[in-house]
Amino acid sequence: MLGLALRMLRHRIGTAIATLVALACGVMILMSVGLLVESGLRYTPAPQRYAAADIVVANHDITITGKEFDGTTITTRVRLPEGGTVPVDLAEQLRRVPGITIVAVDRSIRAVVPIAATSHTLAHGWSSAALTPYRIVDGRQPSADGEVAVDLRLAKAAEDEIRPGDRIPVLVGGAVRTYTVSGVVERAVDGDWPAALFFTDRHAAALNPHPGRADAIGIVLASDADTSAVVAEVRRLSSEAGARVYTGADRGTLTQSEALAARDLLVQVGAAFGGYVVALVVFVVAGTVGLAVRHRRRDLALLRAVAATPGQVRGMLLAEVVQVSIVAVVVGIPAGLFVTDRVHRQMIARGFVPDGFPISGGVLSAVAVTAVTLLVAVTAALIAAGRTVRIRPTEALGEVAVEPSRNSRTRLVIGLVTLGAGVSLTMVTTVARGPAALGAALGMLYVFVLAAALLAPWINRYAARALGPVLRAVWGDSGYLAAANLRANAQGMVTVLTALVLAVGFGGSVWFLQDNLQRQTVAQTRDGMLAQHALLSPVGLPQSAVADARAVPGVVAATGIRRTSVITRVMGEPQEVSAQAVDPDGADRTLDLTVTEGRLADLRGATVALSTLQASSQGAELGDQVAMWLGDGTPVTLRVVALYERGLGFGDVTLNRETVDGHTATNLDDQVLIRTEGGGAALTDLVDRHPGSSLIDTAAINGELAKDLAISAWLNKLLIGVMVGYAALAAANTMVMAALARGRELALLRLVGVTRRQVKRMVHAEQVGLLGTSLLVGGAIAAITLVSVVRTLTGEPVPYVPTAGWISIIGGTALLALATTVLPIGALLRTPPVDGIGVKE
């Protein structure tokens with residue numbers, strides 16, 4: 001059968017090429033997505049900051065226990081947004097453990113050296129320099145509170161290279177202080193973490209925003225120590241203090257590096273979109289292969305009629321599909337590697353991953369993609385030819401000649417159940433946000449498209465009946481033939497309708513969903529910002545800055561804002577939620593959160609304000625007590641005193657600033673919003689009073705926010721664009737295959753007297769009917785998906801769809817449908833009907 005399969009492919013070259021295109025493009029997409037995810041999973045950050053430490057005690061994540069719907073207990077480990085701390089007293093206990101030579105307390109304090117052309121740096125106590133280690137290359141270690149050792153990278157970044165004995169300003173703790181450089185140090189390992197400053201341990205403890213706490217404790221063991229015994233004892237002591245022990249490669253995860261964030265991003269993208277991309281490729285490949293086999297039912301029936309056994313026919317199909325799949329894999333995998341390289345470069349250029357982040361692996365992705373491609377293609381082929389292979393040869397020949405008029409009741413029932421499931425999924429979107437919201441939208445879209453695919457025979461049949469009078473009125477006899485063709489070929493056009501609905505559904509929903517989220521975030525921030533000015537500092541502003549701003553003549557109100565995140569439960573799952581902490585005094589005069597219930601002025605003590613979306617996600621109402629974890633893992637129970645609508649622009653959780661004091665990386669505000677009247681406020685003195693700060697118009701904040709959102713949305717739009725493009729390719733591929741399979745039919749019409757012009761008009765009428773049905777069904781699916789998600793996330797009853805957007809969807813789909821049908825049909829009509837009646841495709 002292998003030789004016969006090869007000859008059949010040569011004689012069915014059109015079908016083979018169409019199948020190859022769908023498979024190769026699917027392999028390319030799967031390989032690219034798989035390689036990005038595999039790179040993220042394989043990446044293990046090498047220990048950098050704690051390279052010389054054998055053991056590190058820290059508290060960078062939290063374990064949350066919950067229950068599934070069936071009562072099963074689940075445990076989830078969540079990384080703390082603010083990074084946790086450990087008690088300094090634990091260091092004294094660890095020093096008494098035999099086998100330990102060094103126990104260093106590490107405090108990381110955000111700082112800026114204004115004279116150096118670098119971003120923020122991290123200041124530490126000198127004893128923690130041994131954990132990297134850092135070595136002195138010039139001068140000596142700091143010995144007094146007014147001295148500092150400077151990283152060599154920082155020293156060279158200054159306009160005049162910093163040397164021992166120089167006096168340098170350092171912005172730290174919300175103020176500019178002047179220090180004498182005692183020495184210049186250099187790290188012994190390479191890494192991408194910020195440059196360092198080293199104070200004395202005592203001065204670092206005084207600057208630390210968490211008295212009695214530290215970011216980590218590093219331990220160096222003696223050369224003859226019993227490592228396992230020491231680790232066990234350290235683990236016991238650390239567990240009692242609520243901390244966790246990191247050894248080996250785990251030490252690298254403690255460094256908040258860009259590479260670590262990139263790894264998490266790639267894995268999260270794979271989790272959010274990878275499954276849907278795989279499902280789309282499987283959907284398209286199955287439909288294309290199935291249609292290709294369906295067009296060959298005559299060949300299969302004839303083989304059965306000349307005594308080929310069902311097993312031989314199946315073997316031939318398997319051989320054909322496997323050969324095409326292998327060629328697709330050979331073409332698609334290198335193409336996927338090339339695309340991944342281009343995407344990787346774009347991600348570096350846009351700051352998603354740092355320069356040098358490795359794209360590693362590929363073998364596992366290639367094996368998995370090959371296995372999935374073969375499995376899907378073979379399964380689709382066997383299912384498509386299943387009935388022709390099973391029934392008697394004479395029955396197979398009869399079913400090829402006449403399209404079956406009845407469809408399975410099971411298919412109808414499953415289709416209706418799937419449609420109901422899609423409607424039910426619209427309720428699930430009320431608990432989704434961010435990437436999860438896009439995931440919920442994609443899930444809903446897939447279910448609706450699957451329902452349309454299952455119900456397509458009935459949709460085609462009823463649409464043909466409804467459109468029959470219209471087609472006859474516009475195209476006359478050709479319209480009559482078109483309506484009759486649509487009714488008779490309702491089953492055969494299932495794949496074409498599904499592909500068009502898929503393209504319209506994707507193009508008209510998830511792409512515009514991203515636009516709506518960006519638009520609403522910017523609009524809420526702009527409309528809710530009542531303050532005209534914002535005081536900013538790269539290392540934060542002390543709380544006294546708010547009082548200083550309020551004392552300036554002409555200032556109506558000033559509000560300190562501290563950005564943070566909290567962890568809440570949504571449907572039993574822990575989820576990180578963006579939050580802001582504010583000073584409630586006068587906050588309603590600088591911010592308009594559109595409070596719907598309660599008052600922002602009541603945000604005092606153990607209280608919280610929630611966005612309406614967050615409240616509905618948690619099932620909370622005004623006055624309820626809600627449990628959550630602050631950014632450092634501290635559990636709190638807060639009373640809801642206000643509900644507001646502008647959660648996209650200002651965060652879904654608003655806390656009292658006192659609630660987060662001591663639980664964020666710094667006890668400083670990120671910005672102070674200032675509202676003035678008459679424009680007469682003398683705010684320049686305020687900037688002079690807080691060196692290192694700057695004063696900007698809040699309009700500039702909105703502009704920067706729009707740019708940041710556009711950059712962050714690039715990856716989502718890239719993935720969505722790939723899915724929309726592949727759906728459009730599938731539609732084009734399917735329609736070309738369907739058109740080329742009509743050679744015998746069109747030749748027969750011409751032999752019985754139908755002119756070429758009438759045939760073209762008939763095809764045009766068919767396409768209008770099919771296109772109208774596809775646009776109606778696909779548009780309805782897109783509208784339901786887009787309206788339900790946008791209304792849930794933004795509160796807007798009508799989503800924003802630019803005029804150019806819906807024109808592109810309708811026009812692009814129409815052009816796609818007409819071009820992929822009219823051109824192949826035109827080629828068929830150029831063949832004399834006597835010759836065409838004998839062609840196979």
# chains A, B, ... in the order shown; residues from 1 in each chain; ligands from 1

call {"tool": "select_by_dssp", "arguments": {"residues": "segment 57-227 of chain A", "states": "strand (DSSP E or B)", "output": "ChimeraX atom specification"}}
result
/A:57-58,61-67,73-79,86-87,100-106,109-112,116,121-125,134-139,147-151,158,167-172,175-187,196-199,213-214,216-221

call {"tool": "residues_around", "arguments": {"residues": "Thr101 of chain A", "least_positions_apart": "6", "cutoff": "12 Å", "atoms": "only C-alpha atoms", "output": "number ranges by chain"}}
result
A: 53-55, 94-95, 130, 218-225, 230

call {"tool": "residues_around", "arguments": {"residues": "Leu771 of chain A", "least_positions_apart": "2", "cutoff": "8 Å", "atoms": "only C-alpha atoms", "output": "count of residues only"}}
result
10

call {"tool": "residues_around", "arguments": {"residues": "Val496 of chain A", "least_positions_apart": "6", "cutoff": "7 Å", "atoms": "only C-alpha atoms", "output": "mmCIF file with N, CA and C atoms, in the first residue's frame"}}
result
data_model
loop_
_atom_site.group_PDB
_atom_site.id
_atom_site.type_symbol
_atom_site.label_atom_id
_atom_site.label_comp_id
_atom_site.auth_asym_id
_atom_site.auth_seq_id
_atom_site.Cartn_x
_atom_site.Cartn_y
_atom_site.Cartn_z
ATOM 1 N N ALA A 731 -9.091 29.095 6.589
ATOM 2 C CA ALA A 731 -10.275 29.371 5.784
ATOM 3 C C ALA A 731 -9.919 29.408 4.296
ATOM 4 N N THR A 734 -9.037 25.874 3.032
ATOM 5 C CA THR A 734 -10.221 25.026 2.939
ATOM 6 C C THR A 734 -11.081 25.398 1.740
ATOM 7 N N MET A 735 -11.237 26.687 1.503
ATOM 8 C CA MET A 735 -12.088 27.120 0.399
ATOM 9 C C MET A 735 -11.449 26.807 -0.949
#

call {"tool": "closest_atom_pairs", "arguments": {"of": "segment 572-674 of chain A", "to": "segment 71-92 of chain A", "cutoff": "7 Å", "atoms": "only C-alpha atoms", "output": "Markdown table"}}
result
| residue | atom | partner | partner_atom | distance |
| --- | --- | --- | --- | --- |
| A:Gly631 | CA | A:Glu82 | CA | 4.7 |
| A:Asp632 | CA | A:Gly84 | CA | 4.5 |
| A:Gly633 | CA | A:Leu80 | CA | 6.2 |
| A:Thr664 | CA | A:Glu82 | CA | 5.7 |
| A:Ala665 | CA | A:Glu82 | CA | 5.8 |

call {"tool": "closest_atom_pairs", "arguments": {"of": "segment 172-272 of chain A", "to": "segment 58-64 of chain A", "cutoff": "12 Å", "atoms": "only C-alpha atoms", "output": "tab-separated table"}}
result
residue	atom	partner	partner_atom	distance
A:Arg213	CA	A:Ala58	CA	10.8
A:Ala214	CA	A:Ala58	CA	8.6
A:Asp215	CA	A:Ala58	CA	6.6
A:Ala216	CA	A:Ala58	CA	4.6
A:Ile217	CA	A:Ala58	CA	6.6
A:Gly218	CA	A:Ala58	CA	8.8
A:Ile219	CA	A:Ala58	CA	11.3
A:Val234	CA	A:Ala58	CA	11.7
A:Arg235	CA	A:Ala58	CA	11.0
A:Ser238	CA	A:Ala58	CA	8.6
A:Ser239	CA	A:Asn59	CA	10.2
A:Ala241	CA	A:Asn59	CA	9.9
A:Gly242	CA	A:Asn59	CA	7.5
A:Ala243	CA	A:Asn59	CA	4.9
A:Arg244	CA	A:Ala58	CA	5.6
A:Val245	CA	A:Ala58	CA	6.6
A:Tyr246	CA	A:Ala58	CA	7.5
A:Thr247	CA	A:Ala58	CA	11.0
A:Asp250	CA	A:Ala58	CA	11.3
A:Arg251	CA	A:Ala58	CA	9.8
A:Thr253	CA	A:His60	CA	9.3
A:Leu254	CA	A:His60	CA	7.3
A:Thr255	CA	A:His60	CA	10.1
A:Gln256	CA	A:His60	CA	10.2

call {"tool": "atom_distance", "arguments": {"atom1": "atom CA of Ala557 of chain A", "atom2": "atom CA of Tyr644 of chain A"}}
result
20.5 Å

call {"tool": "residues_around", "arguments": {"residues": "Ile809 of chain A", "least_positions_apart": "6", "cutoff": "7 Å", "atoms": "only C-alpha atoms", "output": "PyMOL selection string"}}
result
chain A and resi 504+507-508

call {"tool": "residues_around", "arguments": {"residues": "Arg750 of chain A", "least_positions_apart": "5", "cutoff": "8 Å", "atoms": "only C-alpha atoms", "output": "number ranges by chain"}}
result
A: 755-756, 759, 833

call {"tool": "closest_residue", "arguments": {"among": "A:Leu793, A:Val103, A:Leu748, A:Ala739", "to": "Thr821 of chain A", "atoms": "only C-alpha atoms"}}
result
A:Ala739

call {"tool": "decode", "arguments": {"residues": "segment 133-163 of chain A", "atoms": "C-alpha atoms", "output": "short mmCIF file (atom, residue, chain, number, x, y, z; two decimals), in the first residue's frame"}}
result
data_model
loop_
_atom_site.label_atom_id
_atom_site.label_comp_id
_atom_site.auth_asym_id
_atom_site.auth_seq_id
_atom_site.Cartn_x
_atom_site.Cartn_y
_atom_site.Cartn_z
CA PRO A 133 31.69 37.56 47.22
CA TYR A 134 32.83 41.13 46.58
CA ARG A 135 36.53 41.91 46.88
CA ILE A 136 38.14 45.29 47.53
CA VAL A 137 40.10 46.51 44.50
CA ASP A 138 40.98 49.93 45.91
CA GLY A 139 40.79 51.40 49.42
CA ARG A 140 39.19 49.63 52.37
CA GLN A 141 35.82 48.55 53.77
CA PRO A 142 33.53 51.18 55.40
CA SER A 143 34.13 51.58 59.12
CA ALA A 144 31.91 54.56 60.02
CA ASP A 145 28.31 55.54 59.33
CA GLY A 146 29.44 58.28 56.97
CA GLU A 147 31.45 55.94 54.75
CA VAL A 148 30.45 53.78 51.81
CA ALA A 149 32.14 51.21 49.55
CA VAL A 150 31.19 51.59 45.89
CA ASP A 151 30.72 48.91 43.23
CA LEU A 152 33.30 49.18 40.44
CA ARG A 153 30.49 49.35 37.85
CA LEU A 154 29.01 52.32 39.67
CA ALA A 155 32.39 54.01 40.06
CA LYS A 156 33.07 53.82 36.32
CA ALA A 157 29.54 55.02 35.45
CA ALA A 158 30.22 58.44 37.00
CA GLU A 159 31.33 61.32 34.81
CA ASP A 160 34.53 61.50 36.84
CA GLU A 161 35.41 58.01 38.02
CA ILE A 162 34.74 57.62 41.73
CA ARG A 163 37.81 56.85 43.85
#
